[in-house]
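Visitor: Just so it is clear, I am handing over structure01.txt, which has compact mmCIF, C-alpha atoms.
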```txt
# COMPACT_ATOMS: atom_id res chain seq x y z
CA MET E 15 -189.78 -178.66 50.77
CA ALA E 16 -191.85 -177.92 47.72
CA GLU E 17 -195.50 -178.92 47.47
CA TYR E 18 -197.12 -179.94 44.19
CA LYS E 19 -200.77 -180.51 43.42
CA VAL E 20 -201.76 -181.83 39.99
CA ILE E 21 -204.89 -183.11 38.33
CA PHE E 22 -204.46 -185.15 35.15
CA HIS E 23 -207.46 -185.23 32.81
CA ILE E 24 -208.10 -188.12 30.45
CA ASP E 25 -211.09 -188.71 28.17
CA GLU E 26 -209.60 -190.99 25.48
CA ASN E 27 -208.59 -194.58 26.09
CA ASN E 28 -205.61 -194.42 23.75
CA LYS E 29 -203.96 -191.89 26.07
CA TRP E 30 -203.75 -194.13 29.14
CA ASN E 31 -200.22 -195.42 28.53
CA LEU E 32 -198.93 -191.89 28.04
CA LEU E 33 -200.81 -190.65 31.11
CA LEU E 34 -199.50 -193.40 33.38
CA LYS E 35 -195.98 -192.70 32.10
CA ASN E 36 -196.45 -188.99 32.82
CA VAL E 37 -197.61 -189.74 36.36
CA SER E 38 -194.69 -192.12 36.99
CA ASN E 39 -192.20 -189.54 35.73
CA LEU E 40 -193.74 -186.87 37.95
CA LEU E 41 -193.55 -189.12 41.01
CA ASN E 42 -189.92 -189.95 40.29
CA ALA E 43 -189.07 -186.28 39.84
CA THR E 44 -190.69 -185.25 43.11
CA ASP E 45 -189.42 -188.02 45.35
CA GLY E 46 -189.23 -186.74 48.92
CA GLU E 47 -191.49 -183.76 48.24
CA LYS E 48 -195.14 -183.28 49.12
CA VAL E 49 -197.14 -184.29 46.03
CA TYR E 50 -200.86 -184.63 45.48
CA ILE E 51 -201.75 -186.30 42.19
CA GLU E 52 -205.24 -187.06 40.99
CA VAL E 53 -206.18 -188.75 37.72
CA LEU E 54 -209.69 -187.83 36.57
CA ALA E 55 -211.20 -189.98 33.83
CA ASN E 56 -214.41 -189.09 32.05
CA SER E 57 -216.06 -189.89 28.71
CA GLU E 58 -214.88 -193.21 27.21
CA ALA E 59 -211.69 -193.20 29.31
CA VAL E 60 -213.61 -194.63 32.28
CA LYS E 61 -213.81 -197.95 30.41
CA TYR E 62 -210.16 -198.50 31.29
CA TYR E 63 -211.21 -198.84 34.94
CA ASP E 64 -213.65 -201.65 34.08
CA ILE E 65 -211.85 -204.95 34.61
CA SER E 66 -214.69 -206.88 32.94
CA GLN E 67 -213.72 -205.24 29.63
CA ASP E 68 -210.67 -206.10 27.59
CA LEU E 69 -208.75 -202.85 27.34
CA ASN E 70 -205.38 -204.20 28.51
CA THR E 71 -205.69 -202.19 31.69
CA ASP E 72 -202.30 -202.16 33.40
CA ILE E 73 -203.60 -202.74 36.91
CA GLU E 74 -200.12 -203.48 38.22
CA ILE E 75 -198.77 -200.04 37.30
CA MET E 76 -201.95 -198.35 38.51
CA GLU E 77 -201.81 -200.14 41.86
CA ASN E 78 -198.16 -199.25 42.22
CA LEU E 79 -198.99 -195.57 41.62
CA TYR E 80 -202.01 -195.79 43.93
CA LYS E 81 -199.80 -197.13 46.75
CA LYS E 82 -197.57 -194.11 46.23
CA GLY E 83 -200.55 -191.82 46.81
CA VAL E 84 -202.02 -191.27 43.35
CA LYS E 85 -205.82 -190.99 43.39
CA PHE E 86 -207.70 -192.49 40.45
CA VAL E 87 -211.18 -191.06 39.95
CA ALA E 88 -214.07 -191.83 37.59
CA CYS E 89 -216.90 -189.57 36.45
CA ASN E 90 -220.21 -191.18 37.35
CA ASN E 91 -222.00 -189.60 34.37
CA ALA E 92 -219.50 -191.38 32.14
CA LEU E 93 -219.90 -194.70 33.98
CA THR E 94 -223.66 -194.46 33.45
CA ALA E 95 -223.32 -193.41 29.81
CA HIS E 96 -221.14 -196.46 29.12
CA ASP E 97 -223.23 -198.91 31.18
CA ILE E 98 -220.39 -199.67 33.52
CA LYS E 99 -221.33 -201.30 36.80
CA LYS E 100 -219.54 -199.97 39.86
CA GLU E 101 -218.80 -203.51 41.03
CA ASN E 102 -216.70 -204.00 37.90
CA ILE E 103 -214.36 -201.07 38.33
CA ILE E 104 -210.98 -201.39 40.01
CA GLU E 105 -211.51 -201.28 43.75
CA PHE E 106 -209.19 -198.35 44.51
CA VAL E 107 -210.91 -196.06 41.96
CA ASP E 108 -213.07 -193.34 43.48
CA VAL E 109 -216.24 -192.10 41.82
CA VAL E 110 -217.39 -188.47 41.64
CA PRO E 111 -220.82 -187.44 40.32
CA THR E 112 -219.49 -185.09 37.62
CA GLY E 113 -215.93 -185.25 36.28
CA VAL E 114 -215.75 -181.74 34.87
CA LEU E 115 -216.89 -180.25 38.18
CA GLU E 116 -214.07 -182.18 39.90
CA LEU E 117 -211.63 -180.62 37.40
CA VAL E 118 -212.89 -177.15 38.30
CA LYS E 119 -212.89 -177.73 42.05
CA LYS E 120 -209.34 -179.03 42.05
CA GLN E 121 -208.05 -176.11 39.99
CA ASN E 122 -209.81 -173.79 42.46
CA GLU E 123 -207.83 -175.56 45.20
CA GLY E 124 -204.58 -174.72 43.41
CA TYR E 125 -204.10 -177.93 41.45
CA ALA E 126 -202.28 -177.59 38.14
CA TYR E 127 -204.14 -179.07 35.16
CA ILE E 128 -202.44 -181.42 32.70
CA LYS E 129 -204.14 -183.07 29.73
CA PRO E 130 -201.84 -185.67 28.14
CA MET B 15 -199.37 -152.52 30.81
CA ALA B 16 -200.73 -156.01 31.06
CA GLU B 17 -198.49 -158.99 31.80
CA TYR B 18 -199.15 -162.43 30.37
CA LYS B 19 -197.49 -165.74 31.23
CA VAL B 20 -198.38 -168.84 29.23
CA ILE B 21 -197.12 -172.38 28.93
CA PHE B 22 -198.11 -174.31 25.81
CA HIS B 23 -198.07 -178.10 26.15
CA ILE B 24 -197.51 -180.39 23.18
CA ASP B 25 -197.14 -184.17 23.12
CA GLU B 26 -198.20 -185.01 19.55
CA ASN B 27 -196.16 -184.16 16.47
CA ASN B 28 -199.21 -183.47 14.30
CA LYS B 29 -200.05 -180.51 16.55
CA TRP B 30 -196.87 -178.50 15.91
CA ASN B 31 -198.22 -176.36 13.05
CA LEU B 32 -201.27 -175.44 15.09
CA LEU B 33 -199.17 -174.71 18.16
CA LEU B 34 -196.71 -172.46 16.31
CA LYS B 35 -199.67 -170.61 14.77
CA ASN B 36 -201.22 -170.17 18.23
CA VAL B 37 -197.96 -168.77 19.59
CA SER B 38 -197.57 -166.37 16.65
CA ASN B 39 -201.13 -165.12 17.08
CA LEU B 40 -200.58 -164.61 20.79
CA LEU B 41 -197.39 -162.63 20.18
CA ASN B 42 -199.13 -160.45 17.59
CA ALA B 43 -202.03 -159.80 19.95
CA THR B 44 -199.79 -158.77 22.83
CA ASP B 45 -197.33 -156.57 20.97
CA GLY B 46 -195.95 -153.99 23.37
CA GLU B 47 -197.06 -155.86 26.47
CA LYS B 48 -194.99 -157.99 28.83
CA VAL B 49 -195.35 -161.60 27.67
CA TYR B 50 -193.66 -164.78 28.83
CA ILE B 51 -194.32 -167.75 26.57
CA GLU B 52 -192.90 -171.22 27.03
CA VAL B 53 -193.49 -174.21 24.77
CA LEU B 54 -193.04 -177.51 26.61
CA ALA B 55 -192.74 -180.62 24.46
CA ASN B 56 -192.83 -184.13 25.88
CA SER B 57 -193.64 -187.62 24.62
CA GLU B 58 -193.19 -188.00 20.83
CA ALA B 59 -193.42 -184.24 20.28
CA VAL B 60 -189.75 -183.84 21.21
CA LYS B 61 -188.84 -185.50 17.89
CA TYR B 62 -189.74 -182.24 16.18
CA TYR B 63 -186.72 -180.64 17.87
CA ASP B 64 -184.39 -183.28 16.37
CA ILE B 65 -182.95 -181.85 13.14
CA SER B 66 -181.46 -185.23 12.21
CA GLN B 67 -185.01 -186.55 11.74
CA ASP B 68 -187.27 -185.69 8.84
CA LEU B 69 -190.33 -184.13 10.48
CA ASN B 70 -190.43 -180.97 8.37
CA THR B 71 -189.48 -178.94 11.40
CA ASP B 72 -190.08 -175.28 10.61
CA ILE B 73 -186.88 -173.98 12.16
CA GLU B 74 -187.30 -170.57 10.56
CA ILE B 75 -190.61 -169.89 12.30
CA MET B 76 -189.31 -171.32 15.56
CA GLU B 77 -186.17 -169.17 15.44
CA ASN B 78 -188.28 -166.12 14.66
CA LEU B 79 -190.44 -166.83 17.72
CA TYR B 80 -187.38 -167.58 19.83
CA LYS B 81 -185.88 -164.21 18.92
CA LYS B 82 -189.11 -162.61 20.13
CA GLY B 83 -188.66 -164.27 23.52
CA VAL B 84 -190.46 -167.60 23.21
CA LYS B 85 -188.76 -170.40 25.15
CA PHE B 86 -188.76 -173.87 23.59
CA VAL B 87 -188.24 -176.69 26.09
CA ALA B 88 -187.85 -180.46 25.79
CA CYS B 89 -188.53 -183.13 28.40
CA ASN B 90 -185.37 -185.16 28.97
CA ASN B 91 -187.33 -188.32 29.82
CA ALA B 92 -188.90 -188.06 26.36
CA LEU B 93 -185.55 -187.43 24.66
CA THR B 94 -184.17 -190.57 26.30
CA ALA B 95 -187.28 -192.63 25.51
CA HIS B 96 -186.96 -191.69 21.84
CA ASP B 97 -183.16 -192.11 21.67
CA ILE B 98 -182.62 -188.49 20.73
CA LYS B 99 -179.10 -187.19 21.19
CA LYS B 100 -178.83 -183.73 22.70
CA GLU B 101 -176.34 -182.68 20.01
CA ASN B 102 -179.06 -183.23 17.40
CA ILE B 103 -181.69 -180.95 18.89
CA ILE B 104 -182.10 -177.34 17.80
CA GLU B 105 -179.54 -175.27 19.66
CA PHE B 106 -181.96 -172.81 21.25
CA VAL B 107 -184.10 -175.56 22.79
CA ASP B 108 -183.72 -175.95 26.55
CA VAL B 109 -183.95 -179.32 28.28
CA VAL B 110 -185.68 -179.98 31.61
CA PRO B 111 -185.45 -183.32 33.43
CA THR B 112 -189.22 -183.92 33.60
CA GLY B 113 -191.69 -182.15 31.35
CA VAL B 114 -194.79 -182.65 33.48
CA LEU B 115 -193.02 -181.21 36.52
CA GLU B 116 -192.18 -178.14 34.42
CA LEU B 117 -195.89 -177.82 33.55
CA VAL B 118 -196.78 -177.88 37.24
CA LYS B 119 -194.07 -175.46 38.32
CA LYS B 120 -195.03 -172.91 35.69
CA GLN B 121 -198.71 -173.06 36.60
CA ASN B 122 -197.68 -172.56 40.24
CA GLU B 123 -195.87 -169.41 39.06
CA GLY B 124 -199.11 -168.11 37.55
CA TYR B 125 -198.65 -169.29 33.99
CA ALA B 126 -201.84 -170.08 32.08
CA TYR B 127 -201.91 -173.55 30.51
CA ILE B 128 -202.89 -174.10 26.89
CA LYS B 129 -202.93 -177.48 25.13
CA PRO B 130 -203.52 -177.04 21.36
CA MET G 7 -222.94 -170.64 47.73
CA ALA G 8 -220.02 -171.79 45.65
CA GLU G 9 -218.87 -169.89 42.58
CA TYR G 10 -217.38 -171.60 39.56
CA LYS G 11 -215.66 -170.08 36.55
CA VAL G 12 -214.63 -172.31 33.67
CA ILE G 13 -213.31 -171.87 30.16
CA PHE G 14 -213.64 -174.82 27.80
CA HIS G 15 -211.17 -174.88 24.90
CA ILE G 16 -211.95 -176.62 21.61
CA ASP G 17 -209.90 -176.69 18.42
CA GLU G 18 -211.12 -179.91 16.76
CA ASN G 19 -214.58 -180.33 15.28
CA ASN G 20 -214.88 -183.97 16.30
CA LYS G 21 -214.82 -182.90 19.97
CA TRP G 22 -217.99 -180.77 19.88
CA ASN G 23 -220.41 -183.48 21.01
CA LEU G 24 -218.19 -184.35 23.94
CA LEU G 25 -217.72 -180.69 24.83
CA LEU G 26 -221.44 -179.88 24.78
CA LYS G 27 -222.06 -182.96 26.93
CA ASN G 28 -219.39 -181.80 29.38
CA VAL G 29 -220.97 -178.35 29.59
CA SER G 30 -224.46 -179.79 30.13
CA ASN G 31 -223.18 -182.07 32.90
CA LEU G 32 -221.42 -179.17 34.58
CA LEU G 33 -224.57 -177.03 34.47
CA ASN G 34 -226.65 -179.86 35.92
CA ALA G 35 -224.13 -180.41 38.70
CA THR G 36 -224.02 -176.76 39.69
CA ASP G 37 -227.73 -175.96 39.57
CA GLY G 38 -228.44 -173.13 41.99
CA GLU G 39 -224.82 -172.07 42.26
CA LYS G 40 -223.06 -169.15 40.61
CA VAL G 41 -221.45 -170.47 37.43
CA TYR G 42 -219.63 -168.70 34.63
CA ILE G 43 -218.96 -170.94 31.63
CA GLU G 44 -217.28 -169.87 28.42
CA VAL G 45 -216.61 -172.04 25.38
CA LEU G 46 -213.71 -170.78 23.30
CA ALA G 47 -213.34 -172.23 19.82
CA ASN G 48 -210.29 -171.65 17.66
CA SER G 49 -208.61 -173.38 14.72
CA GLU G 50 -210.98 -175.57 12.66
CA ALA G 51 -213.47 -175.80 15.55
CA VAL G 52 -214.93 -172.40 14.59
CA LYS G 53 -216.48 -174.05 11.51
CA TYR G 54 -219.07 -175.57 13.82
CA TYR G 55 -220.44 -172.07 14.42
CA ASP G 56 -220.97 -171.53 10.67
CA ILE G 57 -224.55 -172.46 9.86
CA SER G 58 -223.85 -172.24 6.11
CA GLN G 59 -221.63 -175.32 6.46
CA ASP G 60 -222.87 -178.83 6.98
CA LEU G 61 -221.27 -179.93 10.24
CA ASN G 62 -224.44 -181.12 11.95
CA THR G 63 -224.22 -178.26 14.38
CA ASP G 64 -226.62 -178.93 17.24
CA ILE G 65 -227.99 -175.40 17.46
CA GLU G 66 -230.84 -176.49 19.72
CA ILE G 67 -228.52 -177.76 22.46
CA MET G 68 -226.24 -174.75 22.06
CA GLU G 69 -229.14 -172.31 22.32
CA ASN G 70 -230.42 -174.13 25.38
CA LEU G 71 -227.00 -173.80 27.02
CA TYR G 72 -226.72 -170.18 25.92
CA LYS G 73 -230.05 -169.39 27.57
CA LYS G 74 -228.66 -170.87 30.77
CA GLY G 75 -225.75 -168.43 30.62
CA VAL G 76 -223.07 -170.26 28.65
CA LYS G 77 -220.99 -167.95 26.46
CA PHE G 78 -219.89 -169.26 23.06
CA VAL G 79 -216.89 -167.46 21.61
CA ALA G 80 -214.99 -167.67 18.31
CA CYS G 81 -211.42 -166.67 17.55
CA ASN G 82 -211.38 -164.12 14.76
CA ASN G 83 -208.00 -165.29 13.47
CA ALA G 84 -209.56 -168.71 12.96
CA LEU G 85 -212.66 -167.28 11.27
CA THR G 86 -210.41 -165.43 8.83
CA ALA G 87 -208.15 -168.44 8.24
CA HIS G 88 -211.20 -170.55 7.36
CA ASP G 89 -212.91 -167.87 5.24
CA ILE G 90 -215.95 -167.76 7.50
CA LYS G 91 -218.15 -164.71 7.16
CA LYS G 92 -219.42 -163.25 10.41
CA GLU G 93 -222.96 -163.05 9.02
CA ASN G 94 -222.94 -166.86 8.74
CA ILE G 95 -222.09 -167.67 12.34
CA ILE G 96 -224.74 -168.37 14.94
CA GLU G 97 -226.07 -165.07 16.22
CA PHE G 98 -225.36 -165.61 19.91
CA VAL G 99 -221.68 -166.42 19.29
CA ASP G 100 -219.25 -163.70 20.35
CA VAL G 101 -216.03 -163.01 18.49
CA VAL G 102 -212.68 -162.17 20.08
CA PRO G 103 -209.65 -161.09 18.07
CA THR G 104 -207.32 -163.83 19.35
CA GLY G 105 -208.58 -167.03 20.94
CA VAL G 106 -205.42 -167.98 22.79
CA LEU G 107 -205.23 -164.54 24.40
CA GLU G 108 -208.82 -165.02 25.62
CA LEU G 109 -207.74 -168.35 27.17
CA VAL G 110 -204.93 -166.60 29.02
CA LYS G 111 -207.04 -163.65 30.18
CA LYS G 112 -209.76 -165.89 31.56
CA GLN G 113 -207.28 -168.06 33.45
CA ASN G 114 -205.79 -164.86 34.89
CA GLU G 115 -209.32 -164.01 36.10
CA GLY G 116 -209.48 -167.33 37.97
CA TYR G 117 -211.23 -169.42 35.36
CA ALA G 118 -210.39 -173.12 35.38
CA TYR G 119 -209.25 -174.51 32.01
CA ILE G 120 -210.73 -177.67 30.55
CA LYS G 121 -209.81 -179.15 27.16
CA PRO G 122 -212.16 -182.00 26.25
```
Here is a file; write its structure as structure tokens.
Guide:
Amino acid sequence: MAEYKVIFHIDENNKWNLLLKNVSNLLNATDGEKVYIEVLANSEAVKYYDISQDLNTDIEIMENLYKKGVKFVACNNALTAHDIKKENIIEFVDVVPTGVLELVKKQNEGYAYIKP
Amino acid sequence: MAEYKVIFHIDENNKWNLLLKNVSNLLNATDGEKVYIEVLANSEAVKYYDISQDLNTDIEIMENLYKKGVKFVACNNALTAHDIKKENIIEFVDVVPTGVLELVKKQNEGYAYIKP
Amino acid sequence: MAEYKVIFHIDENNKWNLLLKNVSNLLNATDGEKVYIEVLANSEAVKYYDISQDLNTDIEIMENLYKKGVKFVACNNALTAHDIKKENIIEFVDVVPTGVLELVKKQNEGYAYIKP
């Protein structure tokens, strides 16, 4: 059984649909295999996690992916820079202090990097 | 003799000129060395492979790179999503079922990732 | 003590502010640790290094990062393509013959790749 570890990086809101499609396709293609997928959002892309804003966030698809094991993560520097309150972000989103450091750490752990 | 393995990722059609330039420069810089270069197109970027469309595809440059060993690959999910028939894509383009999985596999094999 | 090695890739001038912010955040987050950060600019992004042009280059921030160990590097192919004279680029910027080859070499040395 193959094992795959991937971190997706997103920093533009207009890439979310493409990213979620990419993640879905990857999950479908690796059904039955060991897969670790993390989605790391920084810069303006963290706004998509904020349900008090009107960015047409597709929570249903995200929750579906989350239930299949996908981790959604926000950069806290970006949350602060965009005045986003933690109580407003989707509940299953994790927060890390610094998004770019998370990208480095995961690659050091053998995660492949994909920027849609 | 050094050995280089690289996968270029493209998912936007307006990046093709830059990407092909990057690949040419890399080939020139590694003349006489062992180089494995793969170009993986997914999302709308697969349209560039479709010669029935009018995207000013520079087949001559692509063929020149192909003859020097560059692999051009299309994501089948993207071909389907954009209603592209396999008989219309450039003959030396390979098709993989899922582009993002290809990106992961190649990185697992030690390929560097570059997104122009 | 952890050790981090990162190469940031930039090929669009409108990404410089975001990139410099990313680098600053990474430095802040890894204070006291061993960190190697390189910023590799190719394509039009090398124009930002040219102080004879009017791209609102934030030399102060760059110099501050440089003094903290960040390496700024330009692709010579890109300098040539954009008619940029070496005497016009910021003095602490290094030049490599081929930017994409630098991206590959660094990843081969264990550098993580980040494209803001």
Visitor: For chain B against chain G, which residues fall within 7 Å using all atoms listed in the file, given as a VMD selection string?
Guide: chain B and resid 20 36 39 to 40 43 126
Visitor: Could you take the residues named above and write them with C-alpha atoms, as a PDB file, in the frame of the given file?
Guide:
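For reference, again-v1.pdb as written:
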```
ATOM      1  CA  VAL B  20    -198.380-168.840  29.230  1.00  0.00           C
ATOM      2  CA  ASN B  36    -201.220-170.170  18.230  1.00  0.00           C
ATOM      3  CA  ASN B  39    -201.130-165.120  17.080  1.00  0.00           C
ATOM      4  CA  LEU B  40    -200.580-164.610  20.790  1.00  0.00           C
ATOM      5  CA  ALA B  43    -202.030-159.800  19.950  1.00  0.00           C
ATOM      6  CA  ALA B 126    -201.840-170.080  32.080  1.00  0.00           C
TER       7      ALA B 126
END
```
Visitor: Skip range 61-77 of chain B itself and residues of its chain fewer than 4 positions away, then list as an NGL selection string all residues within 10 Å of it, counting only C-alpha atoms.
Guide: :B and (25-28 or 30-31 or 34-35 or 37-38 or 55-57 or 81-88 or 92-93 or 96-107)
Visitor: Quick one: pull the distance between CA of Val102 in chain G and CA of Ala8 in chain G, Å, one decimal.
Guide: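 Straight-line distance from CA of Val102 in chain G to CA of Ala8 in chain G works out to 28.3 Å.
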Visitor: Report, in Å to a single decimal, how far apart CA of Asp45 in chain E and CA of Tyr50 in chain B are.
Guide: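 Here the two named atoms are 28.8 Å from each other.
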Visitor: Between CA of Thr44 in chain B and CA of Tyr18 in chain B, what is the distance in Å, rounded to a tenth?
Guide: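 CA of Tyr18 in chain B lies at a distance of 8.4 Å from CA of Thr44 in chain B.
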Visitor: Return as AutoDock Vina command-line options the centre and edge lengths, in Å with one decimal, of the box along x, y and z that encloses every atom of range 19-34 of chain E in the file, padded by 6 Å per side.
Guide:
```
--center_x -205.0 --center_y -188.0 --center_z 33.6 --size_x 24.2 --size_y 26.9 --size_z 31.7
```
Visitor: Can I get range 84-112 of chain E with N, CA and C atoms filled in, as a short mmCIF file (atom, residue, chain, number, x, y, z; two decimals), in the frame of the given file?
Guide:
```cif
data_model
loop_
_atom_site.label_atom_id
_atom_site.label_comp_id
_atom_site.auth_asym_id
_atom_site.auth_seq_id
_atom_site.Cartn_x
_atom_site.Cartn_y
_atom_site.Cartn_z
N VAL E 84 -201.25 -191.79 44.48
CA VAL E 84 -202.02 -191.27 43.35
C VAL E 84 -203.49 -191.68 43.49
N LYS E 85 -204.38 -190.70 43.34
CA LYS E 85 -205.82 -190.99 43.39
C LYS E 85 -206.35 -191.18 41.97
N PHE E 86 -207.04 -192.28 41.74
CA PHE E 86 -207.70 -192.49 40.45
C PHE E 86 -209.20 -192.27 40.64
N VAL E 87 -209.79 -191.46 39.77
CA VAL E 87 -211.18 -191.06 39.95
C VAL E 87 -211.95 -191.24 38.64
N ALA E 88 -213.20 -191.66 38.76
CA ALA E 88 -214.07 -191.83 37.59
C ALA E 88 -215.26 -190.87 37.69
N CYS E 89 -215.69 -190.39 36.54
CA CYS E 89 -216.90 -189.57 36.45
C CYS E 89 -218.12 -190.50 36.40
N ASN E 90 -219.04 -190.30 37.31
CA ASN E 90 -220.21 -191.18 37.35
C ASN E 90 -221.13 -191.01 36.13
N ASN E 91 -221.23 -189.79 35.61
CA ASN E 91 -222.00 -189.60 34.37
C ASN E 91 -221.45 -190.49 33.25
N ALA E 92 -220.13 -190.57 33.19
CA ALA E 92 -219.50 -191.38 32.14
C ALA E 92 -219.71 -192.87 32.39
N LEU E 93 -219.64 -193.29 33.66
CA LEU E 93 -219.90 -194.70 33.98
C LEU E 93 -221.31 -195.07 33.52
N THR E 94 -222.27 -194.21 33.85
CA THR E 94 -223.66 -194.46 33.45
C THR E 94 -223.80 -194.49 31.93
N ALA E 95 -223.21 -193.50 31.27
CA ALA E 95 -223.32 -193.41 29.81
C ALA E 95 -222.75 -194.64 29.11
N HIS E 96 -221.76 -195.29 29.74
CA HIS E 96 -221.14 -196.46 29.12
C HIS E 96 -221.57 -197.76 29.79
N ASP E 97 -222.67 -197.69 30.56
CA ASP E 97 -223.23 -198.91 31.18
C ASP E 97 -222.21 -199.70 31.98
N ILE E 98 -221.40 -198.98 32.72
CA ILE E 98 -220.39 -199.67 33.52
C ILE E 98 -220.88 -199.81 34.95
N LYS E 99 -220.88 -201.05 35.43
CA LYS E 99 -221.33 -201.30 36.80
C LYS E 99 -220.21 -201.00 37.77
N LYS E 100 -220.58 -200.35 38.89
CA LYS E 100 -219.54 -199.97 39.86
C LYS E 100 -218.80 -201.18 40.41
N GLU E 101 -219.49 -202.34 40.48
CA GLU E 101 -218.80 -203.51 41.03
C GLU E 101 -217.72 -204.03 40.09
N ASN E 102 -217.72 -203.55 38.85
CA ASN E 102 -216.70 -204.00 37.90
C ASN E 102 -215.47 -203.10 37.82
N ILE E 103 -215.53 -201.94 38.46
CA ILE E 103 -214.36 -201.07 38.33
C ILE E 103 -213.34 -201.39 39.42
N ILE E 104 -212.10 -201.10 39.11
CA ILE E 104 -210.98 -201.39 40.01
C ILE E 104 -211.30 -200.82 41.39
N GLU E 105 -211.00 -201.62 42.42
CA GLU E 105 -211.51 -201.28 43.75
C GLU E 105 -210.98 -199.96 44.32
N PHE E 106 -209.75 -199.58 43.94
CA PHE E 106 -209.19 -198.35 44.51
C PHE E 106 -209.55 -197.09 43.71
N VAL E 107 -210.46 -197.23 42.73
CA VAL E 107 -210.91 -196.06 41.96
C VAL E 107 -212.08 -195.39 42.68
N ASP E 108 -211.97 -194.10 42.89
CA ASP E 108 -213.07 -193.34 43.48
C ASP E 108 -214.02 -192.85 42.39
N VAL E 109 -215.26 -192.60 42.78
CA VAL E 109 -216.24 -192.10 41.82
C VAL E 109 -216.75 -190.73 42.28
N VAL E 110 -216.77 -189.78 41.36
CA VAL E 110 -217.39 -188.47 41.64
C VAL E 110 -218.59 -188.33 40.72
N PRO E 111 -219.61 -187.56 41.15
CA PRO E 111 -220.82 -187.44 40.32
C PRO E 111 -220.52 -186.86 38.94
N THR E 112 -219.71 -185.79 38.89
CA THR E 112 -219.49 -185.09 37.62
C THR E 112 -218.01 -184.76 37.46
#
```
